[in-house]
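J.: I'd like to ask you about the structure that follows.
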Amino acid sequence: MKLLTLNFLSCAVKTCKTSPLSFPLHPKDAELAKDDVEPNPDLLTNILPRLDWSALRTTAAELGFPDLPETAPSPEELVEGGKTVQDLHELLMETQIVEGKLVCGCCGHEYAVREGIANFLLPSHLV
Amino acid sequence: MSRPEDTLSADVHYDDVEARKYTTSSRIQNIQASMTQRALELLDLPGPSLILDVGCGSGLSGEILSAVPPDEGGPHAWIGMDISASMLDVALQRDVEGDLLLADIGQGVPFRAGAFDAAVSISAIQWLCNAESSETSPAQRLARFFGGLYQSLKRGGRAVCQFYPKNDVQRQMITAAAVKAGFGAGLLEDDPETKNVKVYLVLTVGGDATGGRDITSVVEGMEGVDVMDSRKKGTKGGKGEIKKGSKAWIMNKKEQMERKGKVVKASSKYTGRKRRIQF
């Protein structure tokens with residue numbers, strides 16, 4: 001699962017919907033892999049305003065990546081290209097969580113990730 | 001036409017054997033491909049976008065989303081949800097580019113608000129109409145799905161869901177659930193009145209940039225599309241027009257009572273007039 005997806009996922013448990021703690025999900029015992037993905041700067045520019053930058057920083061820190069800058073890069077920086085785009089592309093698109101768990105910060109529910117697929121099936125009493 | 005959703009739930013029906021059969025059948029591949037192309041045409045995405053594939057299965061539709069050439073606004077990134085582990089397993093073996101998620105769409109869409117540019121769903125949402133348990137009903141599952149989908153799309157986003165309604169009741173149930181969730185909804189039928197009819201539910205979130213709010217603005221300028229709008233126009237002739245106690249209102253009431261078979265006094269020019277003020 002790409003880190004991009006993780007930046008959009010929130011806890012599916014009904015009682016967590018209103019809690020700000022349910023996003024982002026915290027990776028636990030994560031096994032990472034790097035895939036080669038064709039860079040697509042237009043896509044990044046499109047997604048950038050919708051990224052939750054502080055959540056991305058938290059995730060990156062939890063996975064042990066070097067610290068990200070305080071604020072998100074501006075669209076102009078992305079258009080220019082160079083290292084910012086390259087770094088962002090590597091982090092969001094190429095880094096994959098292959099095995100591990102995603103933990104909700106509110107209810108503590110653990111979503112298992114196996115072979116890159118997160119299991120979001122819930123028992124019916126949590127829906 | 002066989003309807004597997006009548007007998008089993010999706011995760012049980014699509015086991016390893018069935019998933020492989022489904023994915024390797026060239027006929028299904030062709031149909032899925034053409035429907036995905038049509039959905040993309042309806043979405044009319046301006047540039048590379050993030051798309052949610054609802055009921056992605058083995059990634060037949062996702063492949064096409066990743067393969068859109070740059071001059072047509074692609075390639076898109078996509079995230080797929082499916083309830084069948086076997087289908088996702090086939091998708092893994094086929095090495096699709098999108099991210100996959102094992103989730104039940106009837107339990108909602110676990111993404112934060114405004115995450116996606118668009119959503120597609122190919123031959124999936126009719127499965128929501130069959131809930132074989134006492135805990136959930138089809139209406140509840142539809143409501144959760146459309147509610148979640150509405151939230152996870154950005155304002156001005158669109159969703160196109162191709163589905164196979166069993167009958168008019170199901171069709172009505174699905175569109176009503178979508179409208180209730182807040183979508184501007186409309187149905188597009190390809191090859192109507194034939195065996196190969198394809199029904200697309202076109203959903204819009206909020207007004208889009210062109211000012212249109214629903215399907216009629218989506219299909220505007222497309223070739224070979226007849227618009228049939230059965231919605232009521234304006235408020236003319238509505239109930240609010242007639243003032244309570246007015247002559248028209250009284251006449252209306254008298255007519256109603258007469259239809260019911262009650263004894264009604266004859267109408268004259270004095271009917272409904274005010275009495276003169278008594279001394």
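If you're wondering about the labels, chains in the structure tokens are A, B, ... by order shown, residues count from 1 in each chain, ligands from 1 in order shown.
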How would you write, as a VMD selection string, the set of residues in range 25-102 of chain A that DSSP gives as helix (DSSP H, G or I)?

T.: chain A and resid 41 to 50 53 to 62 75 to 80 83 to 94

J.: Report as a ChimeraX atom specification all protein, DNA and RNA residues lying within 9 Å of Val37 in chain A, evaluated on only C-alpha atoms, omitting residues in the same chain fewer than 6 positions from it.

T.: /A:89-90,93-94 /B:97

J.: Define the interface residues of chain B facing chain A as those within 7 Å, counting only C-alpha atoms, and report them as a PyMOL selection string.

T.: chain B and resi 48-49+99-104+107+110-112+115

J.: Next, write the just-selected residues to a file, as a PDB file, in the first residue's frame, keeping N, CA and C atoms as the atom set.

T.:
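So the final result, stored in result.pdb, reads:
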ATOM      1  N   PRO B  48      -4.356  14.093 -14.950  1.00  0.00           N
ATOM      2  CA  PRO B  48      -4.126  12.928 -14.103  1.00  0.00           C
ATOM      3  C   PRO B  48      -4.823  13.089 -12.749  1.00  0.00           C
ATOM      4  N   SER B  49      -5.620  12.115 -12.374  1.00  0.00           N
ATOM      5  CA  SER B  49      -6.440  12.265 -11.184  1.00  0.00           C
ATOM      6  C   SER B  49      -6.325  11.042 -10.291  1.00  0.00           C
ATOM      7  N   ASP B  99      -3.549   0.770  -5.799  1.00  0.00           N
ATOM      8  CA  ASP B  99      -3.545   0.209  -4.459  1.00  0.00           C
ATOM      9  C   ASP B  99      -4.843  -0.543  -4.220  1.00  0.00           C
ATOM     10  N   LEU B 100      -4.760  -1.631  -3.476  1.00  0.00           N
ATOM     11  CA  LEU B 100      -5.954  -2.444  -3.250  1.00  0.00           C
ATOM     12  C   LEU B 100      -6.325  -2.459  -1.776  1.00  0.00           C
ATOM     13  N   LEU B 101      -7.592  -2.639  -1.532  1.00  0.00           N
ATOM     14  CA  LEU B 101      -8.112  -2.592  -0.173  1.00  0.00           C
ATOM     15  C   LEU B 101      -9.185  -3.663  -0.061  1.00  0.00           C
ATOM     16  N   LEU B 102      -9.106  -4.484   0.969  1.00  0.00           N
ATOM     17  CA  LEU B 102     -10.149  -5.487   1.198  1.00  0.00           C
ATOM     18  C   LEU B 102     -11.203  -4.842   2.080  1.00  0.00           C
ATOM     19  N   ALA B 103     -12.332  -4.484   1.493  1.00  0.00           N
ATOM     20  CA  ALA B 103     -13.346  -3.786   2.279  1.00  0.00           C
ATOM     21  C   ALA B 103     -14.720  -4.046   1.697  1.00  0.00           C
ATOM     22  N   ASP B 104     -15.715  -3.957   2.539  1.00  0.00           N
ATOM     23  CA  ASP B 104     -17.096  -4.153   2.129  1.00  0.00           C
ATOM     24  C   ASP B 104     -17.702  -2.775   1.869  1.00  0.00           C
ATOM     25  N   GLN B 107     -20.330  -1.331   4.059  1.00  0.00           N
ATOM     26  CA  GLN B 107     -19.984  -0.822   5.394  1.00  0.00           C
ATOM     27  C   GLN B 107     -19.505   0.615   5.341  1.00  0.00           C
ATOM     28  N   PRO B 110     -13.960   3.980   3.716  1.00  0.00           N
ATOM     29  CA  PRO B 110     -13.111   4.465   4.808  1.00  0.00           C
ATOM     30  C   PRO B 110     -12.066   5.496   4.394  1.00  0.00           C
ATOM     31  N   PHE B 111     -12.495   6.532   3.697  1.00  0.00           N
ATOM     32  CA  PHE B 111     -11.534   7.560   3.325  1.00  0.00           C
ATOM     33  C   PHE B 111     -11.983   8.887   3.899  1.00  0.00           C
ATOM     34  N   ARG B 112     -11.001   9.778   4.103  1.00  0.00           N
ATOM     35  CA  ARG B 112     -11.398  11.054   4.673  1.00  0.00           C
ATOM     36  C   ARG B 112     -12.054  11.927   3.608  1.00  0.00           C
ATOM     37  N   ALA B 115     -11.279  13.220  -0.665  1.00  0.00           N
ATOM     38  CA  ALA B 115     -10.014  12.602  -1.046  1.00  0.00           C
ATOM     39  C   ALA B 115      -9.883  12.395  -2.553  1.00  0.00           C
TER      40      ALA B 115
END

J.: Using DSSP on the backbone coordinates, identify all residues within range 19-180 of chain B classified as strand (DSSP E or B); present the result as a PyMOL selection string.

T.: chain B and resi 50-54+77-82+99-102+111+116-122+153-163

J.: What gap, in Å, lies between CA of Ser268 in chain B and CA of Glu255 in chain B?

T.: 13.6 Å

J.: Could you name the residues that touch Ser66 in chain B at 6 Å or less, counting only C-alpha atoms, but leaving out those on the same chain fewer than 2 positions away, as number ranges by chain?

T.: B: 63-64, 68, 75-76

J.: Just to be explicit: take each residue in the selection above, keep N, CA, C and O atoms, and write the result as a PDB file, in the first residue's frame.

T.:
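Output (again.pdb):
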ATOM      1  N   GLU B  63      -6.784  -1.332 -14.709  1.00  0.00           N
ATOM      2  CA  GLU B  63      -5.751  -1.382 -15.741  1.00  0.00           C
ATOM      3  C   GLU B  63      -5.966  -0.300 -16.783  1.00  0.00           C
ATOM      4  O   GLU B  63      -5.023   0.328 -17.253  1.00  0.00           O
ATOM      5  N   ILE B  64      -7.248  -0.124 -17.117  1.00  0.00           N
ATOM      6  CA  ILE B  64      -7.572   0.852 -18.161  1.00  0.00           C
ATOM      7  C   ILE B  64      -7.356   2.266 -17.649  1.00  0.00           C
ATOM      8  O   ILE B  64      -6.895   3.149 -18.373  1.00  0.00           O
ATOM      9  N   VAL B  68      -4.459   5.153 -19.516  1.00  0.00           N
ATOM     10  CA  VAL B  68      -4.893   6.310 -20.305  1.00  0.00           C
ATOM     11  C   VAL B  68      -3.655   7.105 -20.731  1.00  0.00           C
ATOM     12  O   VAL B  68      -2.833   7.460 -19.892  1.00  0.00           O
ATOM     13  N   PRO B  75      -1.760   9.308 -17.152  1.00  0.00           N
ATOM     14  CA  PRO B  75      -2.420   8.154 -16.546  1.00  0.00           C
ATOM     15  C   PRO B  75      -2.932   8.486 -15.134  1.00  0.00           C
ATOM     16  O   PRO B  75      -2.331   9.295 -14.447  1.00  0.00           O
ATOM     17  N   HIS B  76      -4.027   7.881 -14.767  1.00  0.00           N
ATOM     18  CA  HIS B  76      -4.615   8.165 -13.464  1.00  0.00           C
ATOM     19  C   HIS B  76      -4.076   7.218 -12.401  1.00  0.00           C
ATOM     20  O   HIS B  76      -3.687   6.108 -12.703  1.00  0.00           O
TER      21      HIS B  76
END

J.: Find the residues near Gly100 in chain A: any atom within 6 Å, counting only C-alpha atoms, skip ones fewer than 6 places away on the same chain, and give them as a list in words.

T.: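 What passes the distance filter is Lys28, Asp29, Ala30 and Val113 of chain A.
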